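Data file: run.cif. Format and content: mmCIF, C-alpha atoms.
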data_data
loop_
_atom_site.group_PDB
_atom_site.id
_atom_site.type_symbol
_atom_site.label_atom_id
_atom_site.label_comp_id
_atom_site.auth_asym_id
_atom_site.auth_seq_id
_atom_site.Cartn_x
_atom_site.Cartn_y
_atom_site.Cartn_z
ATOM 1 C CA MET A 190 77.061 52.351 -52.751
ATOM 2 C CA PRO A 191 76.101 52.218 -56.458
ATOM 3 C CA ASN A 192 75.468 48.775 -57.912
ATOM 4 C CA ARG A 193 78.393 47.496 -59.945
ATOM 5 C CA SER A 194 78.596 44.483 -62.199
ATOM 6 C CA MET A 195 80.393 41.484 -60.719
ATOM 7 C CA THR A 196 80.870 40.040 -64.209
ATOM 8 C CA LYS A 197 82.907 42.918 -65.661
ATOM 9 C CA ASP A 198 86.390 44.090 -64.722
ATOM 10 C CA ASP A 199 86.338 46.761 -62.013
ATOM 11 C CA PRO A 200 88.363 49.907 -62.852
ATOM 12 C CA LEU A 201 88.798 50.661 -59.120
ATOM 13 C CA GLU A 202 88.587 54.332 -60.026
ATOM 14 C CA ASP A 203 87.191 55.327 -56.637
ATOM 15 C CA PHE A 204 90.347 54.114 -54.877
ATOM 16 C CA ASP A 205 93.608 55.992 -54.575
ATOM 17 C CA ARG A 206 96.228 53.684 -56.073
ATOM 18 C CA ARG A 207 99.487 54.080 -54.174
ATOM 19 C CA THR A 208 102.850 52.451 -54.646
ATOM 20 C CA ILE A 209 104.086 51.644 -51.146
ATOM 21 C CA THR A 210 107.680 50.588 -50.625
ATOM 22 C CA ILE A 211 108.634 48.807 -47.413
ATOM 23 C CA GLY A 212 112.221 47.672 -47.217
ATOM 24 C CA ALA A 213 113.135 46.769 -50.769
ATOM 25 C CA VAL A 214 109.622 45.588 -51.712
ATOM 26 C CA SER A 215 107.112 47.807 -53.533
ATOM 27 C CA LYS A 216 103.453 46.933 -53.961
ATOM 28 C CA SER A 217 100.345 48.666 -55.221
ATOM 29 C CA VAL A 218 97.828 49.411 -52.483
ATOM 30 C CA TYR A 219 94.313 50.706 -53.164
ATOM 31 C CA VAL A 220 93.125 53.137 -50.498
ATOM 32 C CA ALA A 221 89.715 54.753 -49.918
ATOM 33 C CA GLY A 222 87.638 56.265 -47.148
ATOM 34 C CA THR A 223 88.276 57.953 -43.840
ATOM 35 C CA GLY A 224 88.530 56.739 -40.270
ATOM 36 C CA PRO A 225 90.599 53.992 -38.641
ATOM 37 C CA ALA A 226 92.446 51.658 -40.982
ATOM 38 C CA VAL A 227 91.228 48.248 -42.127
ATOM 39 C CA ILE A 228 93.427 46.117 -44.375
ATOM 40 C CA VAL A 229 91.485 43.893 -46.778
ATOM 41 C CA MET A 230 93.763 41.198 -48.153
ATOM 42 C CA PRO A 231 92.455 39.697 -51.401
ATOM 43 C CA GLU A 232 91.650 36.062 -51.936
ATOM 44 C CA MET A 233 93.037 34.001 -54.778
ATOM 45 C CA PRO A 234 93.349 34.956 -57.607
ATOM 46 C CA GLY A 235 93.416 38.693 -56.780
ATOM 47 C CA ILE A 236 91.434 41.889 -56.299
ATOM 48 C CA SER A 237 88.304 40.761 -58.117
ATOM 49 C CA PRO A 238 85.128 42.863 -58.385
ATOM 50 C CA HIS A 239 83.785 40.849 -55.423
ATOM 51 C CA VAL A 240 86.816 41.719 -53.280
ATOM 52 C CA ALA A 241 86.526 45.379 -54.320
ATOM 53 C CA ARG A 242 82.818 45.334 -53.386
ATOM 54 C CA PHE A 243 83.656 44.093 -49.902
ATOM 55 C CA ALA A 244 86.342 46.777 -49.564
ATOM 56 C CA ARG A 245 83.766 49.431 -50.453
ATOM 57 C CA TRP A 246 81.420 48.093 -47.776
ATOM 58 C CA VAL A 247 84.250 48.504 -45.280
ATOM 59 C CA ARG A 248 84.923 52.025 -46.540
ATOM 60 C CA ASP A 249 81.259 52.980 -46.320
ATOM 61 C CA ALA A 250 81.094 51.634 -42.746
ATOM 62 C CA GLY A 251 83.427 54.427 -41.628
ATOM 63 C CA PHE A 252 86.958 53.166 -42.238
ATOM 64 C CA THR A 253 89.983 53.866 -44.365
ATOM 65 C CA VAL A 254 90.365 50.674 -46.354
ATOM 66 C CA PHE A 255 93.739 49.489 -47.644
ATOM 67 C CA VAL A 256 93.682 46.740 -50.292
ATOM 68 C CA PRO A 257 97.195 45.500 -51.142
ATOM 69 C CA SER A 258 97.767 43.909 -54.527
ATOM 70 C CA LEU A 259 99.421 40.601 -53.673
ATOM 71 C CA PHE A 260 98.784 38.574 -56.828
ATOM 72 C CA GLY A 261 96.740 38.586 -60.026
ATOM 73 C CA ARG A 262 95.422 41.370 -62.209
ATOM 74 C CA ASP A 263 93.833 44.161 -60.193
ATOM 75 C CA GLY A 264 90.091 44.543 -60.754
ATOM 76 C CA ALA A 265 89.825 41.556 -63.082
ATOM 77 C CA VAL A 266 87.015 39.018 -63.185
ATOM 78 C CA PRO A 267 88.956 35.780 -62.598
ATOM 79 C CA THR A 268 88.815 33.413 -65.560
ATOM 80 C CA VAL A 269 89.712 29.752 -65.303
ATOM 81 C CA ASP A 270 93.032 29.911 -67.157
ATOM 82 C CA GLU A 271 94.223 33.196 -65.684
ATOM 83 C CA GLY A 272 93.147 32.201 -62.194
ATOM 84 C CA LEU A 273 94.974 28.865 -62.372
ATOM 85 C CA THR A 274 98.119 30.603 -63.632
ATOM 86 C CA VAL A 275 98.033 33.070 -60.724
ATOM 87 C CA PHE A 276 97.420 30.271 -58.230
ATOM 88 C CA LYS A 277 100.294 28.117 -59.501
ATOM 89 C CA ARG A 278 102.655 31.093 -59.555
ATOM 90 C CA ALA A 279 101.774 32.026 -55.976
ATOM 91 C CA CYS A 280 102.260 28.456 -54.771
ATOM 92 C CA VAL A 281 105.908 28.456 -55.902
ATOM 93 C CA SER A 282 106.629 32.094 -55.089
ATOM 94 C CA ALA A 283 109.190 32.876 -52.401
ATOM 95 C CA GLU A 284 106.668 35.371 -50.944
ATOM 96 C CA PHE A 285 104.113 32.716 -50.059
ATOM 97 C CA ARG A 286 104.270 29.321 -48.421
ATOM 98 C CA ALA A 287 101.270 27.306 -49.532
ATOM 99 C CA LEU A 288 102.439 24.117 -47.793
ATOM 100 C CA ALA A 289 103.101 23.519 -44.109
ATOM 101 C CA VAL A 290 106.467 24.800 -42.866
ATOM 102 C CA ASP A 291 105.589 26.021 -39.339
ATOM 103 C CA GLU A 292 106.237 29.642 -40.193
ATOM 104 C CA PRO A 293 104.228 32.359 -41.959
ATOM 105 C CA SER A 294 104.741 33.474 -45.537
ATOM 106 C CA PRO A 295 107.394 36.191 -45.974
ATOM 107 C CA ALA A 296 104.688 38.465 -47.389
ATOM 108 C CA VAL A 297 103.264 38.720 -43.859
ATOM 109 C CA ARG A 298 106.260 40.772 -42.706
ATOM 110 C CA TRP A 299 105.491 43.353 -45.395
ATOM 111 C CA LEU A 300 101.826 43.382 -44.396
ATOM 112 C CA ARG A 301 102.667 43.927 -40.726
ATOM 113 C CA SER A 302 104.666 46.995 -41.700
ATOM 114 C CA LEU A 303 101.752 48.183 -43.840
ATOM 115 C CA ALA A 304 99.479 47.883 -40.789
ATOM 116 C CA ALA A 305 101.875 49.933 -38.670
ATOM 117 C CA SER A 306 102.082 52.615 -41.367
ATOM 118 C CA ALA A 307 98.296 52.667 -41.844
ATOM 119 C CA HIS A 308 97.768 53.065 -38.100
ATOM 120 C CA GLU A 309 100.193 55.981 -37.971
ATOM 121 C CA GLU A 310 98.392 57.626 -40.888
ATOM 122 C CA CYS A 311 94.792 57.016 -39.805
ATOM 123 C CA GLY A 312 94.999 57.023 -36.012
ATOM 124 C CA GLY A 313 92.433 55.395 -33.774
ATOM 125 C CA PRO A 314 92.962 52.580 -31.278
ATOM 126 C CA GLY A 315 94.369 50.191 -33.881
ATOM 127 C CA VAL A 316 93.946 48.447 -37.215
ATOM 128 C CA GLY A 317 91.460 45.868 -38.460
ATOM 129 C CA VAL A 318 92.549 43.150 -40.889
ATOM 130 C CA ILE A 319 90.744 40.499 -42.890
ATOM 131 C CA GLY A 320 92.404 37.733 -44.848
ATOM 132 C CA MET A 321 90.572 35.508 -47.291
ATOM 133 C CA CYS A 322 91.369 32.026 -48.565
ATOM 134 C CA PHE A 323 95.097 32.049 -49.468
ATOM 135 C CA THR A 324 95.589 35.083 -47.195
ATOM 136 C CA GLY A 325 93.156 33.957 -44.489
ATOM 137 C CA ASN A 326 95.675 33.092 -41.817
ATOM 138 C CA PHE A 327 97.732 36.191 -42.641
ATOM 139 C CA ALA A 328 95.257 38.110 -40.476
ATOM 140 C CA LEU A 329 96.300 35.991 -37.486
ATOM 141 C CA SER A 330 100.025 36.246 -38.232
ATOM 142 C CA MET A 331 99.676 40.023 -38.489
ATOM 143 C CA MET A 332 98.779 40.137 -34.788
ATOM 144 C CA LEU A 333 102.500 40.162 -34.058
ATOM 145 C CA GLU A 334 102.187 43.813 -35.131
ATOM 146 C CA PRO A 335 100.848 45.606 -32.003
ATOM 147 C CA SER A 336 98.545 47.920 -33.980
ATOM 148 C CA VAL A 337 96.422 44.992 -35.253
ATOM 149 C CA ILE A 338 93.532 44.547 -32.822
ATOM 150 C CA ALA A 339 90.639 43.279 -34.974
ATOM 151 C CA PRO A 340 91.610 40.169 -36.991
ATOM 152 C CA VAL A 341 89.149 38.305 -39.227
ATOM 153 C CA LEU A 342 89.926 35.012 -40.953
ATOM 154 C CA ALA A 343 87.654 34.238 -43.907
ATOM 155 C CA GLN A 344 87.983 30.618 -45.066
ATOM 156 C CA PRO A 345 91.724 30.376 -44.192
ATOM 157 C CA SER A 346 93.046 27.758 -46.620
ATOM 158 C CA LEU A 347 96.750 27.323 -45.837
ATOM 159 C CA PRO A 348 98.544 25.000 -45.470
ATOM 160 C CA LEU A 349 96.972 23.291 -48.468
ATOM 161 C CA ASP A 350 98.506 19.915 -47.673
ATOM 162 C CA ARG A 351 97.457 19.700 -44.005
ATOM 163 C CA PRO A 352 93.769 20.502 -43.455
ATOM 164 C CA ASP A 353 94.037 19.829 -39.719
ATOM 165 C CA GLU A 354 96.758 22.429 -39.083
ATOM 166 C CA THR A 355 97.105 26.194 -39.084
ATOM 167 C CA ASP A 356 99.610 28.261 -41.043
ATOM 168 C CA SER A 357 101.220 29.484 -37.815
ATOM 169 C CA GLY A 358 104.139 27.884 -36.035
ATOM 170 C CA PRO A 359 103.967 27.109 -32.307
ATOM 171 C CA GLU A 360 105.965 30.192 -31.278
ATOM 172 C CA GLU A 361 103.725 32.486 -33.298
ATOM 173 C CA LEU A 362 100.566 30.896 -31.905
ATOM 174 C CA GLU A 363 101.896 31.248 -28.377
ATOM 175 C CA ALA A 364 102.656 34.932 -28.943
ATOM 176 C CA VAL A 365 99.226 35.551 -30.471
ATOM 177 C CA CYS A 366 97.460 33.766 -27.610
ATOM 178 C CA SER A 367 99.381 35.848 -25.069
ATOM 179 C CA ARG A 368 98.240 39.031 -26.806
ATOM 180 C CA LEU A 369 94.638 37.885 -26.968
ATOM 181 C CA GLU A 370 94.567 37.304 -23.232
ATOM 182 C CA ALA A 371 96.577 40.357 -22.210
ATOM 183 C CA GLU A 372 94.534 42.780 -24.323
ATOM 184 C CA ASP A 373 91.127 41.039 -24.182
ATOM 185 C CA LEU A 374 91.007 40.499 -27.948
ATOM 186 C CA THR A 375 89.233 37.922 -30.086
ATOM 187 C CA VAL A 376 89.735 36.392 -33.513
ATOM 188 C CA LEU A 377 86.668 36.151 -35.758
ATOM 189 C CA ALA A 378 86.561 33.445 -38.450
ATOM 190 C CA TYR A 379 84.139 32.118 -41.065
ATOM 191 C CA ARG A 380 83.852 29.093 -43.333
ATOM 192 C CA PHE A 381 81.232 27.140 -45.245
ATOM 193 C CA GLN A 382 80.389 23.751 -43.798
ATOM 194 C CA GLY A 383 81.494 21.696 -46.804
ATOM 195 C CA ASP A 384 84.445 23.798 -47.909
ATOM 196 C CA PRO A 385 87.230 21.349 -48.895
ATOM 197 C CA PHE A 386 89.884 24.076 -48.665
ATOM 198 C CA CYS A 387 88.990 25.131 -45.111
ATOM 199 C CA ARG A 388 87.674 22.122 -43.266
ATOM 200 C CA ALA A 389 86.278 21.630 -39.797
ATOM 201 C CA GLN A 390 89.661 20.260 -38.666
ATOM 202 C CA ARG A 391 91.306 23.627 -39.273
ATOM 203 C CA PHE A 392 88.792 25.496 -37.140
ATOM 204 C CA ALA A 393 89.229 22.811 -34.494
ATOM 205 C CA ALA A 394 92.995 23.457 -34.526
ATOM 206 C CA TYR A 395 92.426 27.197 -34.080
ATOM 207 C CA SER A 396 89.946 26.566 -31.284
ATOM 208 C CA LYS A 397 92.355 24.218 -29.515
ATOM 209 C CA ALA A 398 95.114 26.839 -29.664
ATOM 210 C CA MET A 399 93.062 29.911 -28.744
ATOM 211 C CA GLY A 400 90.074 28.584 -26.816
ATOM 212 C CA GLU A 401 87.219 31.068 -26.407
ATOM 213 C CA ARG A 402 89.360 33.795 -27.982
ATOM 214 C CA PHE A 403 88.684 32.110 -31.329
ATOM 215 C CA VAL A 404 85.130 32.746 -32.537
ATOM 216 C CA GLY A 405 84.614 30.439 -35.500
ATOM 217 C CA LYS A 406 81.348 30.516 -37.407
ATOM 218 C CA VAL A 407 80.189 27.926 -39.950
ATOM 219 C CA LEU A 408 77.653 28.703 -42.668
ATOM 220 C CA PRO A 409 75.496 26.070 -44.407
ATOM 221 C CA ASP A 410 76.552 25.273 -47.962
ATOM 222 C CA GLU A 411 73.095 26.083 -49.288
ATOM 223 C CA ALA A 412 73.615 29.714 -48.204
ATOM 224 C CA ALA A 413 76.272 30.219 -50.893
ATOM 225 C CA ASN A 414 75.647 32.109 -54.114
ATOM 226 C CA ALA A 415 75.514 29.519 -56.893
ATOM 227 C CA THR A 416 76.250 32.009 -59.674
ATOM 228 C CA THR A 417 79.685 33.573 -59.606
ATOM 229 C CA SER A 418 82.823 33.965 -61.743
ATOM 230 C CA PRO A 419 84.161 31.204 -64.051
ATOM 231 C CA PHE A 420 87.148 30.581 -61.767
ATOM 232 C CA PHE A 421 84.961 29.934 -58.735
ATOM 233 C CA GLU A 422 82.390 27.942 -60.671
ATOM 234 C CA HIS A 423 84.854 25.612 -62.386
ATOM 235 C CA VAL A 424 88.003 25.586 -60.238
ATOM 236 C CA ILE A 425 86.800 26.099 -56.663
ATOM 237 C CA ALA A 426 83.484 24.374 -57.460
ATOM 238 C CA ASN A 427 82.299 24.442 -53.836
ATOM 239 C CA PRO A 428 80.912 27.024 -51.405
ATOM 240 C CA HIS A 429 84.053 28.836 -50.249
ATOM 241 C CA SER A 430 84.199 32.647 -50.294
ATOM 242 C CA VAL A 431 81.909 33.815 -47.505
ATOM 243 C CA VAL A 432 81.950 37.603 -48.033
ATOM 244 C CA THR A 433 82.969 37.840 -51.695
ATOM 245 C CA ALA A 434 82.245 35.458 -54.569
ATOM 246 C CA HIS A 435 79.708 33.298 -52.729
ATOM 247 C CA LEU A 436 77.964 36.093 -50.836
ATOM 248 C CA VAL A 437 74.242 36.491 -51.535
ATOM 249 C CA ASP A 438 73.635 40.232 -51.375
ATOM 250 C CA GLU A 439 70.147 40.066 -49.911
ATOM 251 C CA ALA A 440 68.883 41.162 -46.507
ATOM 252 C CA GLY A 441 68.781 38.256 -44.095
ATOM 253 C CA SER A 442 70.969 35.874 -46.109
ATOM 254 C CA PRO A 443 73.533 34.083 -43.904
ATOM 255 C CA THR A 444 76.413 35.516 -45.931
ATOM 256 C CA THR A 445 75.084 39.064 -45.618
ATOM 257 C CA VAL A 446 74.637 38.504 -41.888
ATOM 258 C CA ALA A 447 78.290 37.392 -41.758
ATOM 259 C CA ARG A 448 79.380 40.518 -43.610
ATOM 260 C CA ASP A 449 77.442 42.717 -41.192
ATOM 261 C CA GLU A 450 78.933 40.882 -38.210
ATOM 262 C CA ILE A 451 82.415 41.585 -39.535
ATOM 263 C CA LEU A 452 81.670 45.270 -40.054
ATOM 264 C CA GLN A 453 80.231 45.447 -36.530
ATOM 265 C CA PHE A 454 83.340 43.700 -35.183
ATOM 266 C CA PHE A 455 85.477 46.418 -36.770
ATOM 267 C CA ARG A 456 83.200 49.135 -35.364
ATOM 268 C CA GLU A 457 83.370 47.746 -31.837
ATOM 269 C CA ARG A 458 87.142 47.433 -31.879
ATOM 270 C CA LEU A 459 88.117 50.480 -33.901
ATOM 271 C CA LEU A 460 85.379 53.082 -33.439
ATOM 272 C CA ALA A 461 83.935 52.500 -29.984
ATOM 273 C CA GLU A 462 85.627 53.994 -26.938
ATOM 274 C CA ARG A 463 87.869 51.409 -25.295
ATOM 275 C CA THR A 464 88.340 51.556 -21.561
ATOM 276 C CA SER A 465 91.731 51.127 -19.973
ATOM 277 C CA ASP A 466 90.940 47.642 -18.690
ATOM 278 C CA GLN A 467 89.963 46.165 -22.091
#
For the structure just supplied, provide its representation as structure tokens.
Amino acid sequence: MPNRSMTKDDPLEDFDRRTITIGAVSKSVYVAGTGPAVIVMPEMPGISPHVARFARWVRDAGFTVFVPSLFGRDGAVPTVDEGLTVFKRACVSAEFRALAVDEPSPAVRWLRSLAASAHEECGGPGVGVIGMCFTGNFALSMMLEPSVIAPVLAQPSLPLDRPDETDSGPEELEAVCSRLEAEDLTVLAYRFQGDPFCRAQRFAAYSKAMGERFVGKVLPDEAANATTSPFFEHVIANPHSVVTAHLVDEAGSPTTVARDEILQFFRERLLAERTSDQ
């Protein structure tokens, strides 16, 4: 993959921009690659060059990547003012529930339908999904769609007001846990040790609910890239985005190892032959 600047807006010209309408809701979705489908949900405040870079890594690993535009300006380097505006708008939007309400954001229903459509289009045993930050737990909620078999939660940050809880209600968690056991699936998750938006208590809540089916990994804060976009430097101001803004793109770095683990997770679930008893 050619090197691209992370400090300039990304034109996303190597993606096919589609307008996908599900129900009465239309969204732009950026699609690239071939192979089984993987849905990459952007972090706050949108499809930044770092998010697009991760999507290209997924594409180049042998998948058809779908990147839905959920908020923000597509391809933009997030500035402080623009990023804060997007964040505040999302927090009060009817599509998202940033605070604890024991039920997923309405946007998840649209994303489940996107997963079903992507699976029908791309084939294979199922669909991989990764949510980041604001969309982190969406990857878990999407498991109520049967095609989703490889969920990854990157620094899941909702609900913002209850760091020791998940963004899933008890009925949803029970349904997800039943699927994990019945189909021998696992949930992969990542966070930085000192991340104030995704604390140890949240991973503990996931682990309590899912047991060994939840594979949570914690990276040391010193592994984070210290030089990133203005929004992350001045608003987030802590190690947070494991595979995007705070990833150190060097062989052997903990964040690069995490990225490679995620790509391998998708390969094992979506590309490898699965026996009938898995």
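Close contacts of Arg193 of chain A, defined as residues with an atom at most 10 Å away when counting only C-alpha atoms, with chain neighbours fewer than 3 positions off set aside, comprise Met190, Thr196, Lys197, Asp198, Asp199, Pro238, His239 and Arg242 of chain A.
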Find the nearest atom pair between each residue of segment 322-387 of chain A and segment 405-425 of chain A for residues within 9 Å, count only C-alpha atoms, give distances in Å to one decimal, sort rows by chain and ascending number, and present the table as a tab-separated table.
residue	atom	partner	partner_atom	distance
A:Leu342	CA	A:Gly405	CA	8.9
A:Val376	CA	A:Gly405	CA	8.1
A:Leu377	CA	A:Gly405	CA	6.1
A:Ala378	CA	A:Gly405	CA	4.6
A:Tyr379	CA	A:Lys406	CA	4.9
A:Arg380	CA	A:Val407	CA	5.1
A:Phe381	CA	A:Leu408	CA	4.7
A:Gln382	CA	A:Pro409	CA	5.4
A:Gly383	CA	A:Asp410	CA	6.2
A:Asp384	CA	A:Asp410	CA	8.0
A:Phe386	CA	A:Ile425	CA	8.8
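Proximity ranking of A:Val269, A:Ala389, A:Ile228, A:Val437 relative to Ala307 of chain A places A:Ile228 first, based on all atoms listed in the file.
The space between atom CA of Trp246 of chain A and atom CA of Ala426 of chain A spans 25.7 Å.
Nearest to Thr223 of chain A of all the residues A:Pro385, A:Gly312, A:Gly358, A:Pro257 is A:Gly312, counting only C-alpha atoms.
We find atom CA of Lys397 of chain A and atom CA of Glu354 of chain A to be spaced 10.7 Å apart.
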